[in-house]
Amino acid sequence: MYNKASIKDYSDESMFLVADAISDGVYVIDSHGTVTAINEGYTQLSGIKEKDILGKNMEEVWKNHYVPADSDVFVVLENESIPSYAEMIVKSGNGYDVGSPYPVSILTLKKKKKTSVITTLQNTNKIVSMTGIPVFDEVGEIKKIYTIIRDLTDLYDMKKKLSEAENDKKRFINELKYHRNNELQTDLIGKSRQISELRETIYSIAGADATVLITGETGVGKEIVARELYKNSNRKNNAYVKINCSAIPETLLESELFGYEKGAFTGAQNKEKLGLFEIADNGTLLLDEIGDMPMHLQSKLLRVIQEKELRRVGGEKTRKIDVRIIAATNQDLKQMIKDGKFREDLYYRLNVIPLVIPPLRERKEDISVLVDFFADRFNKKHSKSKFIDRSAIESLMEYDWPGNIRELENIIERLIIIGNGNIVLQSDIERILGKSSDIKGGDVNGISTLRQAVSQLEKEMIQKSLSIHGSTYGAAIELGINQSTVVRKAKALGIEEW
Ligand SMILES: Nc1ncnc2c1ncn2[C@@H]1O[C@H](COP(=O)(O)OP(=O)(O)OP(=O)(O)O)[C@@H](O)[C@H]1O
Ligand SMILES: [Mg+2]
């Protein structure tokens with residue numbers, strides 16, 4: 001509020017009508033340094049009462065009330081721009097016209113030119129910029145000085161938070177790179193003719209941007225092959241983004257893939273969202289379990305692949321994108337086309353380069369190298385030093401591996417974890433691989449009640465199915481129960497590792 005008592009020099013009256021309406025602090029001194037007017041914003045920012053400043057000499061007021069709270073943060077600016085918080089500290093640390101024991105109005109009076117200062121005010125702990133503007137008379141003598149004080153506390157807090165957030169971001173990006181490198185480290189292990197040929201093909205096509213369709217049973221290593229392609233491609237330093245089409249509800253899949261524009265949905269989602277295609281721009285996108293993509297999205301995907309541009313959900317604008325697509329599935333897409341569940345034109349678009357990974361039972365020479373590789377990995381992971389006996393490997397060679405490498409990997413991990421001895425024998429393998437048939441035989445080591453036998457059988461079937469499919473979703477489909485039931489039963493039956 002404009003307050004007559006705040007003004008001694010009535011030539012400033014109209015200016016102070018305005019000055020009281022703003023939150024910046026304003027005061028005026030005459031050529032002797034005596035305060036002739038202040039506004040309300042000033043008393044609030046400084047925490048000094050009107051009666052302690054109005055009509056007093058500003059140099060005295062400064063000595064009595066001001067002395068910057070932290071004289072380190074007192075910088076006289078050479079120009080108008082506001083330095084960053086860090087700059088302020090550095091400048092003051094280097095003795096850059098710092099800690100001047102004068103209020104800015106008196107500095108202006110001495111320098112006879114417009115002067116700015118940034119400091120922290122003692123009473124209120126506020127970071128402020130203060131600018132003194134001299135007013136000259138006809139003969140060039142200073143008549144009075146207006147000083148404007150602006151509260152920068154929020155601004156500097158925000159700057160600080162922003163720079164912290166920037167640092168966090170850098171840290172997260174580094175961590176992401178680290179994890180990505182780690183993740184990319186598993187090589188395509190195998191010495192069979194089929195895997196050697198596959199490796200050759202991967203190296204020869206990796207550089208081309210053509211779409212690749214990887215097929216093979218569950219657990220054969222489709223994701224490993226996709227990553228191997230990426231690692232050897234010209235895009236290896238750009239994004240590698242993977243989406244599992246079967247794990248995302250149909251209603252969300254479209255916006256996950258293509259993003260949406262602001263206003264496409266109401267409520268909390270009223271922001272824009274980047275889709276995975278845009279995130280993968282200039283990089284590689286793995287569309288995993290492509291067989292589970294609903295028909296209407298198959299059409300949209302086909303358009304995006306053909307036209308190399310996309311339209312976000314709820315948007316008009318088309319955006320150019322440059323993404324190498326790798327698709328993978330364990331389903332028989334040709335059969336799905338016959339059944340009207342997969343678009344034939346999309347199939348041919350994806351199948352530019354087909355890579356078929358044979359099941360493990362057709363390349364048993366790979367078992368021994370894979371066993372060594374996994375034994376080494378899990379010995380390290382669980383701080384063990386177990387050795388898998390050659391006779392045990394023979395038993396592994398005889399098995400059919402419906403869950404392929406994933407099942408082998410899980411079984412090796414279990415063998416490394418369980419039991420005390422340091423050698424894994426043939427009998428250990430047979431116990432694990434033959435467990436379920438034991439149960440079916442009815443002679444169940446020491447189990448007396450039907451209820452016990454049922455839960456033992458349940459446990460083994462669920463464990464085996466998890467081993468094969470690697471996910472509660474996959475196990476649920478095989479066992480014909482809900483995924484939530486698999487989770488609940490696995491927990492109740494004490495299944496931890498699979
Ligand atoms: N040749 C290989 N060398 C090393 N590890 C492999 C190899 N093939 C598969 N694996 C491992 O086996 C597991 C299953 O592989 P992956 O996830 O790539 O299978 P998938 O074919 O995608 O299976 P699904 O169809 O069930 O998704 C992974 O842990 C992977 O690291
Ligand atoms: Mg997979």
# chains A, B, ... in the order shown; residues from 1 in each chain; ligands from 1

call {"tool": "residues_near_ligand", "arguments": {"ligand": "ligand 2", "cutoff": "8 Å", "atoms": "only C-alpha atoms and all ligand atoms", "output": "PDB file with N, CA and C atoms, in the first residue's frame"}}
result
ATOM      1  N   THR A 218      10.828 -71.155 -28.141  1.00  0.00           N
ATOM      2  CA  THR A 218      11.101 -70.369 -26.932  1.00  0.00           C
ATOM      3  C   THR A 218      12.484 -70.718 -26.356  1.00  0.00           C
ATOM      4  N   GLY A 219      13.212 -69.692 -25.937  1.00  0.00           N
ATOM      5  CA  GLY A 219      14.490 -69.904 -25.264  1.00  0.00           C
ATOM      6  C   GLY A 219      15.672 -70.233 -26.155  1.00  0.00           C
ATOM      7  N   GLY A 221      17.320 -68.192 -28.061  1.00  0.00           N
ATOM      8  CA  GLY A 221      18.304 -67.099 -28.116  1.00  0.00           C
ATOM      9  C   GLY A 221      17.970 -66.023 -29.141  1.00  0.00           C
ATOM     10  N   LYS A 222      16.683 -65.792 -29.351  1.00  0.00           N
ATOM     11  CA  LYS A 222      16.304 -64.781 -30.351  1.00  0.00           C
ATOM     12  C   LYS A 222      16.774 -63.384 -29.941  1.00  0.00           C
ATOM     13  N   GLU A 223      16.687 -63.128 -28.633  1.00  0.00           N
ATOM     14  CA  GLU A 223      17.125 -61.798 -28.184  1.00  0.00           C
ATOM     15  C   GLU A 223      18.639 -61.641 -28.274  1.00  0.00           C
ATOM     16  N   ASN A 244       8.288 -55.797 -25.838  1.00  0.00           N
ATOM     17  CA  ASN A 244       7.686 -57.117 -25.879  1.00  0.00           C
ATOM     18  C   ASN A 244       6.187 -56.945 -26.121  1.00  0.00           C
ATOM     19  N   ASP A 288       9.649 -57.599 -30.144  1.00  0.00           N
ATOM     20  CA  ASP A 288       9.679 -58.982 -29.692  1.00  0.00           C
ATOM     21  C   ASP A 288       8.255 -59.518 -29.603  1.00  0.00           C
ATOM     22  N   GLU A 289       8.112 -60.810 -29.812  1.00  0.00           N
ATOM     23  CA  GLU A 289       6.781 -61.452 -29.814  1.00  0.00           C
ATOM     24  C   GLU A 289       5.853 -60.710 -30.771  1.00  0.00           C
ATOM     25  N   ALA A 328      10.893 -60.440 -33.766  1.00  0.00           N
ATOM     26  CA  ALA A 328      11.172 -61.802 -33.312  1.00  0.00           C
ATOM     27  C   ALA A 328       9.881 -62.463 -32.848  1.00  0.00           C
ATOM     28  N   THR A 329       9.817 -63.762 -33.062  1.00  0.00           N
ATOM     29  CA  THR A 329       8.640 -64.494 -32.569  1.00  0.00           C
ATOM     30  C   THR A 329       8.930 -65.987 -32.484  1.00  0.00           C
TER      31      THR A 329
END

call {"tool": "select_by_dssp", "arguments": {"residues": "region 210-400 of chain A", "states": "alpha helix (DSSP H)", "output": "PyMOL selection string"}}
result
chain A and resi 222-231+250-258+276-279+295-307+333-338+344-350+365-381+390-398

call {"tool": "closest_residue", "arguments": {"among": "A:Ile173, A:Met158, A:Ile195, A:Ile127", "to": "ligand 1", "atoms": "only C-alpha atoms and all ligand atoms"}}
result
A:Ile195

call {"tool": "residues_near_ligand", "arguments": {"ligand": "ligand 1", "cutoff": "7 Å", "atoms": "only C-alpha atoms and all ligand atoms", "output": "VMD selection string"}}
result
chain A and resid 186 to 190 216 to 225 329 to 330 370 405 to 406 409 469 to 470

call {"tool": "write_last_selection", "arguments": {"atoms": "N, CA, C and O atoms", "output": "mmCIF file, in the first residue's frame"}}
result
data_model
loop_
_atom_site.group_PDB
_atom_site.id
_atom_site.type_symbol
_atom_site.label_atom_id
_atom_site.label_comp_id
_atom_site.auth_asym_id
_atom_site.auth_seq_id
_atom_site.Cartn_x
_atom_site.Cartn_y
_atom_site.Cartn_z
ATOM 1 N N THR A 186 26.804 -60.536 -23.236
ATOM 2 C CA THR A 186 26.643 -61.964 -23.486
ATOM 3 C C THR A 186 26.778 -62.220 -24.978
ATOM 4 O O THR A 186 26.049 -61.670 -25.784
ATOM 5 N N ASP A 187 27.750 -63.038 -25.317
ATOM 6 C CA ASP A 187 27.942 -63.336 -26.728
ATOM 7 C C ASP A 187 27.083 -64.513 -27.130
ATOM 8 O O ASP A 187 26.537 -65.212 -26.292
ATOM 9 N N LEU A 188 27.038 -64.690 -28.415
ATOM 10 C CA LEU A 188 26.302 -65.818 -28.952
ATOM 11 C C LEU A 188 27.221 -67.034 -28.854
ATOM 12 O O LEU A 188 28.114 -67.224 -29.670
ATOM 13 N N ILE A 189 26.995 -67.826 -27.796
ATOM 14 C CA ILE A 189 27.866 -68.975 -27.556
ATOM 15 C C ILE A 189 27.396 -70.152 -28.401
ATOM 16 O O ILE A 189 26.200 -70.330 -28.595
ATOM 17 N N GLY A 190 28.322 -70.959 -28.851
ATOM 18 C CA GLY A 190 27.957 -72.168 -29.598
ATOM 19 C C GLY A 190 29.017 -72.499 -30.626
ATOM 20 O O GLY A 190 29.621 -71.600 -31.214
ATOM 21 N N GLY A 216 12.202 -68.902 -34.007
ATOM 22 C CA GLY A 216 12.780 -70.035 -33.295
ATOM 23 C C GLY A 216 11.948 -70.301 -32.054
ATOM 24 O O GLY A 216 11.248 -69.408 -31.575
ATOM 25 N N GLU A 217 12.070 -71.521 -31.544
ATOM 26 C CA GLU A 217 11.298 -71.910 -30.352
ATOM 27 C C GLU A 217 11.624 -71.020 -29.163
ATOM 28 O O GLU A 217 12.639 -70.313 -29.174
ATOM 29 N N THR A 218 10.828 -71.155 -28.141
ATOM 30 C CA THR A 218 11.101 -70.369 -26.932
ATOM 31 C C THR A 218 12.484 -70.718 -26.356
ATOM 32 O O THR A 218 12.885 -71.886 -26.356
ATOM 33 N N GLY A 219 13.212 -69.692 -25.937
ATOM 34 C CA GLY A 219 14.490 -69.904 -25.264
ATOM 35 C C GLY A 219 15.672 -70.233 -26.155
ATOM 36 O O GLY A 219 16.757 -70.534 -25.666
ATOM 37 N N VAL A 220 15.518 -70.135 -27.491
ATOM 38 C CA VAL A 220 16.650 -70.499 -28.361
ATOM 39 C C VAL A 220 17.686 -69.396 -28.471
ATOM 40 O O VAL A 220 18.793 -69.614 -28.965
ATOM 41 N N GLY A 221 17.320 -68.192 -28.061
ATOM 42 C CA GLY A 221 18.304 -67.099 -28.116
ATOM 43 C C GLY A 221 17.970 -66.023 -29.141
ATOM 44 O O GLY A 221 18.866 -65.387 -29.697
ATOM 45 N N LYS A 222 16.683 -65.792 -29.351
ATOM 46 C CA LYS A 222 16.304 -64.781 -30.351
ATOM 47 C C LYS A 222 16.774 -63.384 -29.941
ATOM 48 O O LYS A 222 17.217 -62.599 -30.767
ATOM 49 N N GLU A 223 16.687 -63.128 -28.633
ATOM 50 C CA GLU A 223 17.125 -61.798 -28.184
ATOM 51 C C GLU A 223 18.639 -61.641 -28.274
ATOM 52 O O GLU A 223 19.143 -60.570 -28.578
ATOM 53 N N ILE A 224 19.351 -62.724 -28.000
ATOM 54 C CA ILE A 224 20.816 -62.692 -28.111
ATOM 55 C C ILE A 224 21.205 -62.385 -29.558
ATOM 56 O O ILE A 224 22.078 -61.569 -29.822
ATOM 57 N N VAL A 225 20.500 -63.027 -30.483
ATOM 58 C CA VAL A 225 20.802 -62.817 -31.897
ATOM 59 C C VAL A 225 20.471 -61.375 -32.304
ATOM 60 O O VAL A 225 21.234 -60.720 -33.016
ATOM 61 N N THR A 329 9.817 -63.762 -33.062
ATOM 62 C CA THR A 329 8.640 -64.494 -32.569
ATOM 63 C C THR A 329 8.930 -65.987 -32.484
ATOM 64 O O THR A 329 9.788 -66.498 -33.206
ATOM 65 N N ASN A 330 8.194 -66.670 -31.584
ATOM 66 C CA ASN A 330 8.293 -68.133 -31.590
ATOM 67 C C ASN A 330 7.022 -68.738 -32.175
ATOM 68 O O ASN A 330 6.795 -69.924 -32.123
ATOM 69 N N LEU A 370 28.039 -74.359 -23.758
ATOM 70 C CA LEU A 370 27.064 -73.560 -23.001
ATOM 71 C C LEU A 370 27.128 -73.894 -21.513
ATOM 72 O O LEU A 370 27.053 -73.011 -20.659
ATOM 73 N N ILE A 405 17.879 -73.057 -24.589
ATOM 74 C CA ILE A 405 19.020 -72.570 -23.797
ATOM 75 C C ILE A 405 18.556 -72.004 -22.457
ATOM 76 O O ILE A 405 19.243 -72.098 -21.459
ATOM 77 N N ARG A 406 17.370 -71.383 -22.462
ATOM 78 C CA ARG A 406 16.907 -70.806 -21.196
ATOM 79 C C ARG A 406 16.771 -71.898 -20.151
ATOM 80 O O ARG A 406 17.149 -71.736 -18.996
ATOM 81 N N GLU A 409 20.173 -73.005 -19.033
ATOM 82 C CA GLU A 409 20.748 -71.963 -18.164
ATOM 83 C C GLU A 409 20.174 -72.074 -16.746
ATOM 84 O O GLU A 409 20.895 -72.041 -15.753
ATOM 85 N N HIS A 469 9.941 -71.466 -19.790
ATOM 86 C CA HIS A 469 9.429 -70.232 -20.408
ATOM 87 C C HIS A 469 10.073 -68.967 -19.877
ATOM 88 O O HIS A 469 10.001 -67.928 -20.524
ATOM 89 N N GLY A 470 10.675 -69.074 -18.710
ATOM 90 C CA GLY A 470 11.386 -67.907 -18.189
ATOM 91 C C GLY A 470 10.492 -66.791 -17.712
ATOM 92 O O GLY A 470 10.953 -65.743 -17.309
#

call {"tool": "atom_distance", "arguments": {"atom1": "CA of Ile106 (chain A)", "atom2": "CA of Gly33 (chain A)"}}
result
6.6 Å

call {"tool": "select_by_dssp", "arguments": {"residues": "region 123-186 of chain A", "states": "strand (DSSP E or B)", "output": "PDB file with all heavy atoms, in the first residue's frame"}}
result
ATOM      1  N   ILE A 127      18.520 -13.860  -1.330  1.00  0.00           N
ATOM      2  CA  ILE A 127      19.510 -13.482  -2.344  1.00  0.00           C
ATOM      3  C   ILE A 127      18.840 -12.433  -3.224  1.00  0.00           C
ATOM      4  O   ILE A 127      17.740 -12.668  -3.743  1.00  0.00           O
ATOM      5  CB  ILE A 127      19.923 -14.688  -3.200  1.00  0.00           C
ATOM      6  CG1 ILE A 127      20.540 -15.769  -2.322  1.00  0.00           C
ATOM      7  CG2 ILE A 127      20.894 -14.275  -4.294  1.00  0.00           C
ATOM      8  CD1 ILE A 127      20.804 -17.072  -3.046  1.00  0.00           C
ATOM      9  N   VAL A 128      19.493 -11.273  -3.342  1.00  0.00           N
ATOM     10  CA  VAL A 128      18.843 -10.201  -4.107  1.00  0.00           C
ATOM     11  C   VAL A 128      19.828  -9.575  -5.084  1.00  0.00           C
ATOM     12  O   VAL A 128      21.042  -9.606  -4.881  1.00  0.00           O
ATOM     13  CB  VAL A 128      18.328  -9.067  -3.169  1.00  0.00           C
ATOM     14  CG1 VAL A 128      17.169  -9.548  -2.323  1.00  0.00           C
ATOM     15  CG2 VAL A 128      19.451  -8.524  -2.297  1.00  0.00           C
ATOM     16  N   SER A 129      19.263  -9.007  -6.147  1.00  0.00           N
ATOM     17  CA  SER A 129      20.075  -8.120  -6.982  1.00  0.00           C
ATOM     18  C   SER A 129      19.633  -6.705  -6.643  1.00  0.00           C
ATOM     19  O   SER A 129      18.448  -6.465  -6.409  1.00  0.00           O
ATOM     20  CB  SER A 129      19.845  -8.409  -8.462  1.00  0.00           C
ATOM     21  OG  SER A 129      18.624  -7.853  -8.880  1.00  0.00           O
ATOM     22  N   MET A 130      20.615  -5.799  -6.536  1.00  0.00           N
ATOM     23  CA  MET A 130      20.263  -4.415  -6.206  1.00  0.00           C
ATOM     24  C   MET A 130      20.909  -3.529  -7.267  1.00  0.00           C
ATOM     25  O   MET A 130      22.109  -3.683  -7.558  1.00  0.00           O
ATOM     26  CB  MET A 130      20.816  -4.046  -4.832  1.00  0.00           C
ATOM     27  CG  MET A 130      20.405  -5.044  -3.758  1.00  0.00           C
ATOM     28  SD  MET A 130      20.576  -4.408  -2.081  1.00  0.00           S
ATOM     29  CE  MET A 130      22.285  -4.655  -1.794  1.00  0.00           C
ATOM     30  N   THR A 131      20.137  -2.637  -7.827  1.00  0.00           N
ATOM     31  CA  THR A 131      20.680  -1.762  -8.856  1.00  0.00           C
ATOM     32  C   THR A 131      20.435  -0.305  -8.465  1.00  0.00           C
ATOM     33  O   THR A 131      19.295   0.065  -8.146  1.00  0.00           O
ATOM     34  CB  THR A 131      20.007  -2.052 -10.217  1.00  0.00           C
ATOM     35  OG1 THR A 131      20.236  -3.429 -10.516  1.00  0.00           O
ATOM     36  CG2 THR A 131      20.606  -1.210 -11.330  1.00  0.00           C
ATOM     37  N   GLY A 132      21.503   0.490  -8.461  1.00  0.00           N
ATOM     38  CA  GLY A 132      21.386   1.921  -8.165  1.00  0.00           C
ATOM     39  C   GLY A 132      21.389   2.700  -9.475  1.00  0.00           C
ATOM     40  O   GLY A 132      22.259   2.496 -10.327  1.00  0.00           O
ATOM     41  N   ILE A 133      20.385   3.560  -9.611  1.00  0.00           N
ATOM     42  CA  ILE A 133      20.294   4.351 -10.850  1.00  0.00           C
ATOM     43  C   ILE A 133      20.414   5.842 -10.483  1.00  0.00           C
ATOM     44  O   ILE A 133      19.535   6.379  -9.783  1.00  0.00           O
ATOM     45  CB  ILE A 133      18.951   4.107 -11.555  1.00  0.00           C
ATOM     46  CG1 ILE A 133      18.801   2.592 -11.813  1.00  0.00           C
ATOM     47  CG2 ILE A 133      18.835   4.902 -12.851  1.00  0.00           C
ATOM     48  CD1 ILE A 133      17.380   2.158 -11.969  1.00  0.00           C
ATOM     49  N   PRO A 134      21.492   6.508 -10.900  1.00  0.00           N
ATOM     50  CA  PRO A 134      21.668   7.915 -10.534  1.00  0.00           C
ATOM     51  C   PRO A 134      20.798   8.852 -11.385  1.00  0.00           C
ATOM     52  O   PRO A 134      20.564   8.585 -12.558  1.00  0.00           O
ATOM     53  CB  PRO A 134      23.144   8.168 -10.819  1.00  0.00           C
ATOM     54  CG  PRO A 134      23.532   7.141 -11.836  1.00  0.00           C
ATOM     55  CD  PRO A 134      22.596   5.978 -11.703  1.00  0.00           C
ATOM     56  N   VAL A 135      20.322   9.927 -10.736  1.00  0.00           N
ATOM     57  CA  VAL A 135      19.572  10.963 -11.473  1.00  0.00           C
ATOM     58  C   VAL A 135      20.384  12.247 -11.343  1.00  0.00           C
ATOM     59  O   VAL A 135      20.729  12.651 -10.227  1.00  0.00           O
ATOM     60  CB  VAL A 135      18.166  11.159 -10.864  1.00  0.00           C
ATOM     61  CG1 VAL A 135      17.404  12.251 -11.602  1.00  0.00           C
ATOM     62  CG2 VAL A 135      17.383   9.849 -10.862  1.00  0.00           C
ATOM     63  N   PHE A 136      20.746  12.843 -12.469  1.00  0.00           N
ATOM     64  CA  PHE A 136      21.619  14.024 -12.450  1.00  0.00           C
ATOM     65  C   PHE A 136      20.815  15.316 -12.614  1.00  0.00           C
ATOM     66  O   PHE A 136      19.751  15.320 -13.243  1.00  0.00           O
ATOM     67  CB  PHE A 136      22.651  13.916 -13.580  1.00  0.00           C
ATOM     68  CG  PHE A 136      23.563  12.730 -13.429  1.00  0.00           C
ATOM     69  CD1 PHE A 136      23.278  11.516 -14.072  1.00  0.00           C
ATOM     70  CD2 PHE A 136      24.696  12.795 -12.622  1.00  0.00           C
ATOM     71  CE1 PHE A 136      24.099  10.410 -13.929  1.00  0.00           C
ATOM     72  CE2 PHE A 136      25.530  11.688 -12.474  1.00  0.00           C
ATOM     73  CZ  PHE A 136      25.239  10.493 -13.121  1.00  0.00           C
ATOM     74  N   ILE A 142      24.933  14.703  -9.107  1.00  0.00           N
ATOM     75  CA  ILE A 142      23.904  13.718  -8.723  1.00  0.00           C
ATOM     76  C   ILE A 142      22.849  14.394  -7.856  1.00  0.00           C
ATOM     77  O   ILE A 142      23.171  15.099  -6.895  1.00  0.00           O
ATOM     78  CB  ILE A 142      24.545  12.528  -7.984  1.00  0.00           C
ATOM     79  CG1 ILE A 142      25.255  11.636  -9.011  1.00  0.00           C
ATOM     80  CG2 ILE A 142      23.502  11.732  -7.216  1.00  0.00           C
ATOM     81  CD1 ILE A 142      25.720  10.318  -8.497  1.00  0.00           C
ATOM     82  N   LYS A 143      21.582  14.176  -8.257  1.00  0.00           N
ATOM     83  CA  LYS A 143      20.487  14.757  -7.498  1.00  0.00           C
ATOM     84  C   LYS A 143      19.937  13.716  -6.511  1.00  0.00           C
ATOM     85  O   LYS A 143      19.755  13.966  -5.343  1.00  0.00           O
ATOM     86  CB  LYS A 143      19.394  15.170  -8.484  1.00  0.00           C
ATOM     87  CG  LYS A 143      18.579  16.363  -8.026  1.00  0.00           C
ATOM     88  CD  LYS A 143      17.796  16.951  -9.200  1.00  0.00           C
ATOM     89  CE  LYS A 143      16.477  16.238  -9.346  1.00  0.00           C
ATOM     90  NZ  LYS A 143      15.682  16.759 -10.458  1.00  0.00           N
ATOM     91  N   LYS A 144      19.718  12.555  -7.031  1.00  0.00           N
ATOM     92  CA  LYS A 144      19.262  11.450  -6.180  1.00  0.00           C
ATOM     93  C   LYS A 144      19.557  10.120  -6.855  1.00  0.00           C
ATOM     94  O   LYS A 144      19.942  10.068  -8.027  1.00  0.00           O
ATOM     95  CB  LYS A 144      17.770  11.572  -5.876  1.00  0.00           C
ATOM     96  CG  LYS A 144      16.881  11.689  -7.090  1.00  0.00           C
ATOM     97  CD  LYS A 144      15.453  11.900  -6.617  1.00  0.00           C
ATOM     98  CE  LYS A 144      14.585  12.430  -7.742  1.00  0.00           C
ATOM     99  NZ  LYS A 144      13.275  12.799  -7.276  1.00  0.00           N
ATOM    100  N   ILE A 145      19.371   9.064  -6.079  1.00  0.00           N
ATOM    101  CA  ILE A 145      19.624   7.720  -6.625  1.00  0.00           C
ATOM    102  C   ILE A 145      18.442   6.818  -6.297  1.00  0.00           C
ATOM    103  O   ILE A 145      18.029   6.714  -5.133  1.00  0.00           O
ATOM    104  CB  ILE A 145      20.933   7.147  -6.046  1.00  0.00           C
ATOM    105  CG1 ILE A 145      22.109   7.902  -6.698  1.00  0.00           C
ATOM    106  CG2 ILE A 145      21.052   5.646  -6.311  1.00  0.00           C
ATOM    107  CD1 ILE A 145      23.411   7.728  -6.020  1.00  0.00           C
ATOM    108  N   TYR A 146      17.921   6.209  -7.336  1.00  0.00           N
ATOM    109  CA  TYR A 146      16.882   5.193  -7.132  1.00  0.00           C
ATOM    110  C   TYR A 146      17.574   3.841  -7.002  1.00  0.00           C
ATOM    111  O   TYR A 146      18.485   3.541  -7.773  1.00  0.00           O
ATOM    112  CB  TYR A 146      15.952   5.116  -8.341  1.00  0.00           C
ATOM    113  CG  TYR A 146      15.097   6.343  -8.538  1.00  0.00           C
ATOM    114  CD1 TYR A 146      15.397   7.290  -9.519  1.00  0.00           C
ATOM    115  CD2 TYR A 146      13.964   6.538  -7.743  1.00  0.00           C
ATOM    116  CE1 TYR A 146      14.612   8.403  -9.699  1.00  0.00           C
ATOM    117  CE2 TYR A 146      13.164   7.660  -7.918  1.00  0.00           C
ATOM    118  CZ  TYR A 146      13.485   8.586  -8.892  1.00  0.00           C
ATOM    119  OH  TYR A 146      12.707   9.683  -9.061  1.00  0.00           O
ATOM    120  N   THR A 147      17.139   3.065  -6.066  1.00  0.00           N
ATOM    121  CA  THR A 147      17.688   1.703  -5.964  1.00  0.00           C
ATOM    122  C   THR A 147      16.547   0.697  -6.065  1.00  0.00           C
ATOM    123  O   THR A 147      15.526   0.837  -5.374  1.00  0.00           O
ATOM    124  CB  THR A 147      18.445   1.522  -4.636  1.00  0.00           C
ATOM    125  OG1 THR A 147      19.455   2.529  -4.577  1.00  0.00           O
ATOM    126  CG2 THR A 147      19.090   0.162  -4.548  1.00  0.00           C
ATOM    127  N   ILE A 148      16.731  -0.254  -6.933  1.00  0.00           N
ATOM    128  CA  ILE A 148      15.702  -1.289  -7.142  1.00  0.00           C
ATOM    129  C   ILE A 148      16.269  -2.609  -6.628  1.00  0.00           C
ATOM    130  O   ILE A 148      17.399  -2.980  -6.982  1.00  0.00           O
ATOM    131  CB  ILE A 148      15.382  -1.482  -8.639  1.00  0.00           C
ATOM    132  CG1 ILE A 148      15.331  -0.154  -9.389  1.00  0.00           C
ATOM    133  CG2 ILE A 148      14.141  -2.341  -8.836  1.00  0.00           C
ATOM    134  CD1 ILE A 148      14.108   0.651  -9.208  1.00  0.00           C
ATOM    135  N   ILE A 149      15.509  -3.275  -5.792  1.00  0.00           N
ATOM    136  CA  ILE A 149      15.981  -4.555  -5.231  1.00  0.00           C
ATOM    137  C   ILE A 149      15.042  -5.668  -5.668  1.00  0.00           C
ATOM    138  O   ILE A 149      13.837  -5.580  -5.471  1.00  0.00           O
ATOM    139  CB  ILE A 149      16.030  -4.494  -3.689  1.00  0.00           C
ATOM    140  CG1 ILE A 149      17.137  -3.511  -3.298  1.00  0.00           C
ATOM    141  CG2 ILE A 149      16.377  -5.843  -3.074  1.00  0.00           C
ATOM    142  CD1 ILE A 149      16.669  -2.408  -2.482  1.00  0.00           C
ATOM    143  N   ARG A 150      15.629  -6.675  -6.269  1.00  0.00           N
ATOM    144  CA  ARG A 150      14.789  -7.787  -6.762  1.00  0.00           C
ATOM    145  C   ARG A 150      15.185  -9.074  -6.054  1.00  0.00           C
ATOM    146  O   ARG A 150      16.359  -9.391  -5.908  1.00  0.00           O
ATOM    147  CB  ARG A 150      14.990  -7.933  -8.265  1.00  0.00           C
ATOM    148  CG  ARG A 150      14.306  -9.139  -8.836  1.00  0.00           C
ATOM    149  CD  ARG A 150      14.023  -8.977 -10.288  1.00  0.00           C
ATOM    150  NE  ARG A 150      12.942  -8.012 -10.521  1.00  0.00           N
ATOM    151  CZ  ARG A 150      12.395  -7.789 -11.712  1.00  0.00           C
ATOM    152  NH1 ARG A 150      12.841  -8.431 -12.767  1.00  0.00           N
ATOM    153  NH2 ARG A 150      11.415  -6.931 -11.846  1.00  0.00           N
ATOM    154  N   ASP A 151      14.160  -9.805  -5.628  1.00  0.00           N
ATOM    155  CA  ASP A 151      14.384 -11.065  -4.907  1.00  0.00           C
ATOM    156  C   ASP A 151      14.742 -12.176  -5.905  1.00  0.00           C
ATOM    157  O   ASP A 151      13.952 -12.502  -6.789  1.00  0.00           O
ATOM    158  CB  ASP A 151      13.085 -11.437  -4.162  1.00  0.00           C
ATOM    159  CG  ASP A 151      13.303 -12.633  -3.261  1.00  0.00           C
ATOM    160  OD1 ASP A 151      14.423 -13.183  -3.262  1.00  0.00           O
ATOM    161  OD2 ASP A 151      12.352 -13.005  -2.549  1.00  0.00           O
TER     162      ASP A 151
END

call {"tool": "closest_residue", "arguments": {"among": "A:Asn238, A:Asn422, A:Asn57, A:Thr215", "to": "Ile326 (chain A)", "atoms": "only C-alpha atoms"}}
result
A:Thr215

call {"tool": "closest_residue", "arguments": {"among": "A:Ile468, A:Met58, A:Ile462, A:Ala453", "to": "Asp30 (chain A)", "atoms": "only C-alpha atoms"}}
result
A:Met58

call {"tool": "closest_residue", "arguments": {"among": "A:Glu164, A:Asp372, A:Glu256, A:Asp24", "to": "Phe387 (chain A)", "atoms": "only C-alpha atoms"}}
result
A:Asp372

call {"tool": "atom_distance", "arguments": {"atom1": "CA of Ser105 (chain A)", "atom2": "CA of Thr120 (chain A)"}}
result
16.0 Å

call {"tool": "residues_around", "arguments": {"residues": "Ala280 (chain A)", "least_positions_apart": "6", "cutoff": "7 Å", "atoms": "only C-alpha atoms", "output": "list in words"}}
result
Ala239, Tyr240, Val241 and Val323 of chain A

call {"tool": "closest_residue", "arguments": {"among": "A:Asn420, A:Ser471, A:Gln426, A:Gln44", "to": "Ile388 (chain A)", "atoms": "only C-alpha atoms"}}
result
A:Gln426

call {"tool": "atom_distance", "arguments": {"atom1": "CA of Ser192 (chain A)", "atom2": "CA of Val212 (chain A)"}}
result
22.3 Å
